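Everything on this sheet refers to the single structure shown next.
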Amino acid sequence: MPPKRKLSAASSGTRDDSATSEDEVPTAKKIPLAISCSHGRVGAAYFHSLKSTLYLLEDTQESHHFDLTIMLLEQASPDIVLTSSKSDDDFIDTLRDHSDITNVTFQIRPHKEFNTTKGNDRLLYLNRLANLPVDDHASSSGSFSTGVGVAHNAYDFMRKRHDETGDPTMKRWNASIRLSNFSCTENSPLCVSSAGALIDYLAREQAMSDLDDEGIQGLAIREIEIFTLNEVMHINADALLSLQVFENESHASVHSDKFKEGLSLYGTLNYTKTALGRSLLHSWLLRPSLSLTVIKSRHEAVACFSRSENLIPANTMHNHLKGIKNLPRILTAMKAGKTKLSDWQALAKFSFHIVMLCDTITELHGGNDIDVIKRLLAAIDIYLLKEVGMRVNDIIDWEESTLAERVCVRPGIDEELDNRKHVYHGIDSVLSNVAHQISQSVPTSFARTLNVVYFPQLGYLICIPLLQEWEAGTVPVQEGWILQFSSDAHIYFKSPEMHDMDIHIGDLHSAIVDREIEIVQTLLGDVRAHDKMMGNACDICAELDCLLSFAEASKNYNYKQPDMVDNCIIDIIGGRHPLQEQVVDVFVPNDTRVVGGAGTNSPFLDEDGHKMNSVLLCTGANACGKTYSAELLSQVALIQIMAQVRGFSLDFVPAEYARLGVVDKIFTRVSTRESVSKVQSAFMIDLNQVSLSLRNCTKRSLILLDEFGKGTLSTDGAGLFCGVLKHLLNRGSECPKVLAATHFHDVFTEQLLDPRDIPITFCHMQVIFCASEGSILENSTSVASSERSGIKTDTGEKITYLYRVAEGLSLDSHAGKCAALCGLPSRIIQRARYVSDLISQHELNQLLDEEMGEKERSELKAAEDICRKFLAWQLDEQDGKSTMDKLAEILSRLLD
């Protein structure tokens with residue numbers, strides 16, 4: 001975790017300028033930060049000059065209050081903040097307000113500097129990524145000298161330059177591979193673009209202060225790390241995918257480009273009724289809380305809503321929340337003058353449902369002690385909300401507004417408006433009378449009929465049918481009349497009488513609309529006077545919506561309340577996978593116990609006095625369930641996330657009992673996201689995931705390793721697997737909590753991972769072997785982690801997988817049984833078992849004897865006899881024969 005900014009005095013010692021290197025600590029003390037926000041997502045990068053470390057914040061969803069941005073600014077304490085000119089306006093306002101308070105330099109840079117492609121190039125050009133460590137032995141043995149060291153032609157010059165600077169294409173390839181070791185930037189365009197803008201800024205600053213400018217490669221960036229906030233858990237994109245926290249599926253309709261939520265943790269827990277609640281739940285699952293106080297305070301809320309005596313009030317409260325729309329968006333639209341009729345309706349419903357919600361809260365047993373209830377009642381002024389709702393409902397005429405497709409005012413609100421509407425609604429009779437009077441003075445040759453019509457903004461006009469002879473010639477005009485315009489069937493004139501009506505009656509419709517706008521604007525001003533109170537109420541209602549949602553989920557899925565503690569411990573009894581249990585008829589719960597910080601010398605003991613370890617390693621038969629949807633590993637991580645979700649902390653989890661400490665980061669090597677667009681193989685992607693875990697984990701972190709090392713040679717993969725586990729154990733008190741599953745059974749030896757000595761908790765998935773008549777022949781419950789005799793044989797005719805975790809180490813994969821269940825021919829299975837037995841007995845040479853003929857066998861037998869004679873020959877034997885005679889005698893006998 002990057003520390004707060006510190007100021008330190010410069011060293012007074014002298015140095016030799018000729019010894020300057022890029023690894024020196026820079027003298028600049030300023031901390032620049034580049035951040036960008038687009039469509040509610042935010043990504044950032046900042047450089048800590050004293051540590052020469054570049055920190056990257058991967059793209060994540062931001063709230064409408066920009067809480068994440070504020071936490072980032074407070075924790076990083078930057079001196080300079082850069083953002084794109086195309087960032088969201090509210091986001092820029094937040095940065096400007098924070099800069100004004102903290103006296104931080106704030107710059108809005110051109111959008112072209114925040115370019116994703118350019119940012120990726122800037123990152124790949126850094127020496128920390130592009131230059132691999134030099135192998136001294138290889139470089140010394142592979143180097144050669146030309147004697148004088150002078151290039152005699154262009155080829156020698158290019159070869160010498162290549163040896164000194166390296167292949168740029170290979171450097172870029174190395175950098176693209178290594179970038180994933182430091183941060184998951186593949187799906188973080190905002191983070192990458194911010195990093196590019198930040199590197200450009202650092203290069204400009206260096207060019208201004210250093211005459212020997214080396215560009216980006218001269219930047220003293222020693223390390224690249226992911227930036228983690230102190231208040232929330234860090235879960236990267238790979239972990240979110242592996243654990244199925246979110247699962248977007250394409251819409252069923254081919255004409256829709258939208259997505260729907262599939263089987264995921266978010267979909268399982270989403271019983272929210274409001275848009276704000278759904279958005280808040282999504283944010284909480286992205287960033288679970290690390291505050292034990294916040295977590296425990298939310299436990300009480302869900303426990304209160306889940307009581308049997310509170311089920312009816314809680315259900316009523318949830319129904320009232322359904323009537324609360326996205327009021328912050330409506331208030332923003334009101335501020336911009338873009339209020340619609342539906343917005344006024346939502347505002348009226350909001351005041352009604354909030355008042356009813358507060359009335360229902362009084363029926364809760366023990367609700368007065370719940371934090372979210374107390375904050376909601378403190379934030380709401382019931383009298384003001386009632387007054388606002390009644391004023392909106394009394395002023396706006398909903399029926400007329402729907403017909404007119406604009407906001408209309410009810411009668412009796414304004415006398416002037418009522419008079420204008422009265423005249424407007426009776427204007428038809430007035431127009432008929434005026435038309436009758438005008439027709440008396442108009443000759444029939446000009447017009448047999450005429451009408452007086454009213455057009456808003458054009459006023460009153462005389463409408464005469466268009467005669468056929470007028471279509472080709474000039475239209476005659478009566479004295480004092482003025483031609484206004486014509487249509488396909490009529491001609492419109494303005495007469496002195498029409499001018500008089502314009503003056504005395506006026507433009508009624510425009511006057512009515514203008515007056516209604518004035519009244520609505522006055523109402524809008526009264527409403528906006530309380531927008532802060534209503535916005536706070538909406539935020540708390542969104543939190544209440546999530547709490548009630550989880551209370552309903554815990555009731556439907558039988559979740560239990562965990563015990564949150566300060567220790568780095570995970571102690572789960574009867575744990576269930578919250579997603580897997582929904583798709584199977586019967587789910588077998590399992591226990592898990594692991595503690596962080598134990599390392600090689602575990603000082604932690606359970607209630608029974610047994611030592612608790614930081615690493616839990618699961619083995620077992622193929623298809624036994626230990627890697628089915630990464631069930632055993634991912635269920636622990638999902639339970640931990642559910643226990644820490646920010647805001648309501650998913651207070652109840654799928655377990656009979658759970659004692660959990662706070663986890664700050666979760667890293668996974670469970671699923672591999674392969675793509676032809678990547679320059680990495682599946683095994684390299686797995687290595688990147690593990691490298692990222694090792695670089696950033698702490699003793700409070702949780703690491704999941706499912707079949708790590710299986711993408712390469714079994715010997716190399718097993719070596720990497722053992723090396724990672726031993727490296728983590730050697731961290732001692734800083735060892736994270738590790739859950740691993742493997743099929744590398746050959747590593748459990750005294751030379752590698754000795755089950756007797758290594759501080760690892762071993763477990764396996766139980767299986768039962770049955771005869772054809774159904775009797776149990778053997779089960780795997782007797783395997784002990786401290787006994788090498790745990791090797792199982794393929795006895796029995798049928799194998800039954802119990803999907804139950806038991807203590808101990810199982811060293812047989814039972815691949816033959818699994819192959820038989822999958823329908824492979826029995827002859828292939830028998831042959832495979834035979835070869836496997838030979839390999840385990842180190843008798844693989846017998847396979848070579850199978851292809852030998854009789855002549856080859858006799859020759860091999862003769863050669864073997866000669867070897868045995870030589871081995872039995874006692875060279876110091878005194879029998880009177882010379883060595884040559886004895887050799888001749890042995891060879892002649894054997895040849896005869």
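Note on naming: chains are A, B, ... as they come in the structure tokens, residues start from 1 per chain, ligands start from 1 in the order shown.
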Would you kindly return, as a PyMOL selection string, each protein, DNA or RNA residue with an atom no farther than 9 Å from any atom of Pro189 in chain A, considering only C-alpha atoms and excluding same-chain residues fewer than 4 positions away? chain A and resi 43+58-59+115-117+119-120+185+193-194
What's around Leu126 in chain A at 10 Å? Count only C-alpha atoms, leave out sequence neighbours fewer than 5 positions away in its own chain, and write the answer as a compact mmCIF listing (two decimals) with N, CA and C atoms, in the first residue's frame.
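Everything below was put into out_11.txt:
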# COMPACT_ATOMS: atom_id res chain seq x y z
N ASP A 121 1.69 2.31 -25.64
CA ASP A 121 3.05 2.41 -26.16
C ASP A 121 4.00 3.01 -25.12
N ASN A 131 13.30 -4.01 -20.65
CA ASN A 131 14.63 -4.59 -20.45
C ASN A 131 14.57 -5.71 -19.43
N LYS A 171 12.11 -6.28 -27.40
CA LYS A 171 11.84 -5.49 -26.19
C LYS A 171 10.35 -5.23 -26.03
N ARG A 172 9.70 -4.88 -27.12
CA ARG A 172 8.26 -4.59 -27.05
C ARG A 172 7.48 -5.86 -26.69
N ALA A 175 7.95 -6.50 -23.04
CA ALA A 175 7.18 -5.55 -22.24
C ALA A 175 5.70 -5.91 -22.23
N ILE A 199 3.06 9.67 -18.03
CA ILE A 199 4.44 9.47 -18.49
C ILE A 199 4.88 10.63 -19.37
N GLY A 215 14.42 10.99 -22.82
CA GLY A 215 13.05 10.64 -23.13
C GLY A 215 12.45 9.73 -22.09
N ILE A 216 11.51 8.90 -22.54
CA ILE A 216 10.80 8.02 -21.62
C ILE A 216 11.74 7.00 -20.99
N GLN A 217 12.72 6.52 -21.76
CA GLN A 217 13.64 5.52 -21.21
C GLN A 217 14.52 6.08 -20.11
N GLY A 218 14.62 7.40 -20.02
CA GLY A 218 15.41 7.98 -18.96
C GLY A 218 14.65 8.21 -17.68
N LEU A 219 13.35 7.91 -17.65
CA LEU A 219 12.56 8.09 -16.43
C LEU A 219 12.98 7.08 -15.38
N ALA A 220 13.13 7.55 -14.16
CA ALA A 220 13.57 6.68 -13.06
C ALA A 220 12.37 5.99 -12.44
N ILE A 221 11.78 5.09 -13.19
CA ILE A 221 10.64 4.30 -12.69
C ILE A 221 11.14 2.91 -12.36
N ARG A 222 11.34 2.67 -11.08
CA ARG A 222 11.90 1.39 -10.64
C ARG A 222 10.88 0.27 -10.59
Interatomic distance between CA of Val245 in chain A and CA of Glu300 in chain A? 24.5 Å
Near range 98-108 of chain A, within 10 Å and counting only C-alpha atoms, which residues show up once chain neighbours fewer than 5 positions away are dropped, as a PyMOL selection string? chain A and resi 32-34+70+73-74+77-87+92-93
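Once Asn270 in chain A and its same-chain neighbours fewer than 5 positions away are set aside, Leu265, Arg278, Leu281, Cys546, Ser549, Phe550 and Ala553 of chain A remain within 9 Å of it when counting only C-alpha atoms.
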Take the residues from that selection and put them in a file with all heavy atoms, as a PDB file, in the first residue's frame.
ATOM      1  N   LEU A 265     -22.970 -14.145  -8.605  1.00  0.00           N
ATOM      2  CA  LEU A 265     -23.248 -13.720  -7.232  1.00  0.00           C
ATOM      3  C   LEU A 265     -24.146 -12.495  -7.230  1.00  0.00           C
ATOM      4  O   LEU A 265     -25.055 -12.380  -6.402  1.00  0.00           O
ATOM      5  CB  LEU A 265     -21.925 -13.413  -6.518  1.00  0.00           C
ATOM      6  CG  LEU A 265     -22.035 -13.002  -5.051  1.00  0.00           C
ATOM      7  CD1 LEU A 265     -22.657 -14.115  -4.216  1.00  0.00           C
ATOM      8  CD2 LEU A 265     -20.667 -12.617  -4.491  1.00  0.00           C
ATOM      9  N   ARG A 278     -29.721  -1.145  -7.373  1.00  0.00           N
ATOM     10  CA  ARG A 278     -28.966  -2.046  -8.233  1.00  0.00           C
ATOM     11  C   ARG A 278     -27.562  -1.513  -8.501  1.00  0.00           C
ATOM     12  O   ARG A 278     -26.590  -2.275  -8.488  1.00  0.00           O
ATOM     13  CB  ARG A 278     -29.716  -2.261  -9.548  1.00  0.00           C
ATOM     14  CG  ARG A 278     -30.960  -3.109  -9.419  1.00  0.00           C
ATOM     15  CD  ARG A 278     -31.551  -3.442 -10.773  1.00  0.00           C
ATOM     16  NE  ARG A 278     -32.101  -2.260 -11.425  1.00  0.00           N
ATOM     17  CZ  ARG A 278     -33.346  -1.840 -11.262  1.00  0.00           C
ATOM     18  NH1 ARG A 278     -34.164  -2.485 -10.441  1.00  0.00           N
ATOM     19  NH2 ARG A 278     -33.794  -0.776 -11.897  1.00  0.00           N
ATOM     20  N   LEU A 281     -25.510  -1.938  -5.277  1.00  0.00           N
ATOM     21  CA  LEU A 281     -25.135  -3.337  -5.072  1.00  0.00           C
ATOM     22  C   LEU A 281     -23.982  -3.717  -5.985  1.00  0.00           C
ATOM     23  O   LEU A 281     -23.044  -4.422  -5.573  1.00  0.00           O
ATOM     24  CB  LEU A 281     -26.342  -4.241  -5.327  1.00  0.00           C
ATOM     25  CG  LEU A 281     -26.100  -5.747  -5.254  1.00  0.00           C
ATOM     26  CD1 LEU A 281     -25.582  -6.144  -3.887  1.00  0.00           C
ATOM     27  CD2 LEU A 281     -27.367  -6.515  -5.596  1.00  0.00           C
ATOM     28  N   CYS A 546     -30.719  -2.371  -0.685  1.00  0.00           N
ATOM     29  CA  CYS A 546     -29.751  -3.476  -0.714  1.00  0.00           C
ATOM     30  C   CYS A 546     -29.860  -4.333   0.540  1.00  0.00           C
ATOM     31  O   CYS A 546     -29.764  -5.559   0.479  1.00  0.00           O
ATOM     32  CB  CYS A 546     -28.345  -2.916  -0.864  1.00  0.00           C
ATOM     33  SG  CYS A 546     -28.031  -2.089  -2.434  1.00  0.00           S
ATOM     34  N   SER A 549     -32.869  -6.382   0.237  1.00  0.00           N
ATOM     35  CA  SER A 549     -32.628  -7.376  -0.807  1.00  0.00           C
ATOM     36  C   SER A 549     -31.864  -8.568  -0.258  1.00  0.00           C
ATOM     37  O   SER A 549     -32.212  -9.724  -0.512  1.00  0.00           O
ATOM     38  CB  SER A 549     -31.846  -6.740  -1.960  1.00  0.00           C
ATOM     39  OG  SER A 549     -31.462  -7.707  -2.912  1.00  0.00           O
ATOM     40  N   PHE A 550     -30.829  -8.286   0.520  1.00  0.00           N
ATOM     41  CA  PHE A 550     -30.076  -9.413   1.062  1.00  0.00           C
ATOM     42  C   PHE A 550     -30.843 -10.146   2.156  1.00  0.00           C
ATOM     43  O   PHE A 550     -30.677 -11.345   2.344  1.00  0.00           O
ATOM     44  CB  PHE A 550     -28.738  -8.946   1.611  1.00  0.00           C
ATOM     45  CG  PHE A 550     -27.871 -10.115   1.978  1.00  0.00           C
ATOM     46  CD1 PHE A 550     -27.279 -10.877   1.006  1.00  0.00           C
ATOM     47  CD2 PHE A 550     -27.689 -10.465   3.296  1.00  0.00           C
ATOM     48  CE1 PHE A 550     -26.517 -11.971   1.334  1.00  0.00           C
ATOM     49  CE2 PHE A 550     -26.922 -11.559   3.641  1.00  0.00           C
ATOM     50  CZ  PHE A 550     -26.330 -12.307   2.656  1.00  0.00           C
ATOM     51  N   ALA A 553     -32.723 -12.547   0.243  1.00  0.00           N
ATOM     52  CA  ALA A 553     -31.868 -13.611  -0.280  1.00  0.00           C
ATOM     53  C   ALA A 553     -31.442 -14.576   0.824  1.00  0.00           C
ATOM     54  O   ALA A 553     -31.416 -15.799   0.627  1.00  0.00           O
ATOM     55  CB  ALA A 553     -30.637 -13.003  -0.954  1.00  0.00           C
TER      56      ALA A 553
END
Spatial neighbours of Val747 in chain A, 8 Å, only C-alpha atoms, chain gap at least 3 places, as JSON, numbers by chain: {"A": [718, 722, 744, 752, 753]}
For N, CA and C atoms, I'd like the residues from the last selection saved as a PDB file, in the first residue's frame.
ATOM      1  N   ALA A 718       5.268 -28.982 -11.988  1.00  0.00           N
ATOM      2  CA  ALA A 718       5.348 -29.375 -10.581  1.00  0.00           C
ATOM      3  C   ALA A 718       6.409 -28.561  -9.851  1.00  0.00           C
ATOM      4  N   CYS A 722       5.650 -26.152  -6.627  1.00  0.00           N
ATOM      5  CA  CYS A 722       6.349 -26.269  -5.338  1.00  0.00           C
ATOM      6  C   CYS A 722       7.087 -24.979  -4.997  1.00  0.00           C
ATOM      7  N   PHE A 744      -0.519 -32.869  -9.093  1.00  0.00           N
ATOM      8  CA  PHE A 744       0.900 -33.216  -9.053  1.00  0.00           C
ATOM      9  C   PHE A 744       1.169 -34.043  -7.796  1.00  0.00           C
ATOM     10  N   LEU A 752      10.719 -32.628  -1.770  1.00  0.00           N
ATOM     11  CA  LEU A 752       9.921 -31.499  -2.254  1.00  0.00           C
ATOM     12  C   LEU A 752       8.970 -31.022  -1.172  1.00  0.00           C
ATOM     13  N   LEU A 753       7.773 -31.555  -1.143  1.00  0.00           N
ATOM     14  CA  LEU A 753       6.777 -31.182  -0.135  1.00  0.00           C
ATOM     15  C   LEU A 753       6.517 -32.387   0.760  1.00  0.00           C
TER      16      LEU A 753
END
Val670 in chain A surroundings by only C-alpha atoms, 7 Å radius, close-in-sequence under 2 positions cut, as an mmCIF file with N, CA and C atoms, in the first residue's frame:
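Generated output (result12.cif):
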data_model
loop_
_atom_site.group_PDB
_atom_site.id
_atom_site.type_symbol
_atom_site.label_atom_id
_atom_site.label_comp_id
_atom_site.auth_asym_id
_atom_site.auth_seq_id
_atom_site.Cartn_x
_atom_site.Cartn_y
_atom_site.Cartn_z
ATOM 1 N N SER A 242 -13.279 -15.271 -12.591
ATOM 2 C CA SER A 242 -13.110 -16.636 -12.085
ATOM 3 C C SER A 242 -14.156 -16.979 -11.032
ATOM 4 N N ALA A 630 -14.274 -24.899 -9.976
ATOM 5 C CA ALA A 630 -13.421 -24.366 -8.907
ATOM 6 C C ALA A 630 -14.232 -24.228 -7.629
ATOM 7 N N THR A 668 -6.571 -14.800 -7.988
ATOM 8 C CA THR A 668 -6.974 -16.138 -8.425
ATOM 9 C C THR A 668 -6.104 -16.613 -9.574
ATOM 10 N N THR A 672 -8.530 -19.272 -17.141
ATOM 11 C CA THR A 672 -7.613 -18.594 -18.053
ATOM 12 C C THR A 672 -8.406 -17.983 -19.189
ATOM 13 N N LEU A 704 -5.988 -18.025 -4.580
ATOM 14 C CA LEU A 704 -6.561 -19.292 -5.029
ATOM 15 C C LEU A 704 -5.718 -19.807 -6.189
ATOM 16 N N LEU A 705 -5.195 -21.024 -6.061
ATOM 17 C CA LEU A 705 -4.374 -21.654 -7.094
ATOM 18 C C LEU A 705 -5.022 -22.978 -7.477
ATOM 19 N N ASP A 706 -5.642 -23.016 -8.630
ATOM 20 C CA ASP A 706 -6.315 -24.221 -9.092
ATOM 21 C C ASP A 706 -5.529 -24.813 -10.260
#
List the neighbours of Thr272 in chain A out to 10 Å using only C-alpha atoms; skip same-chain residues closer than 3 positions along the sequence, and give me the result as a PyMOL selection string. chain A and resi 269+275-281+318+321-322+542-550+552
CA of Ala237 in chain A and CA of Phe667 in chain A are how many Å apart?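 So the answer is 9.7 Å.
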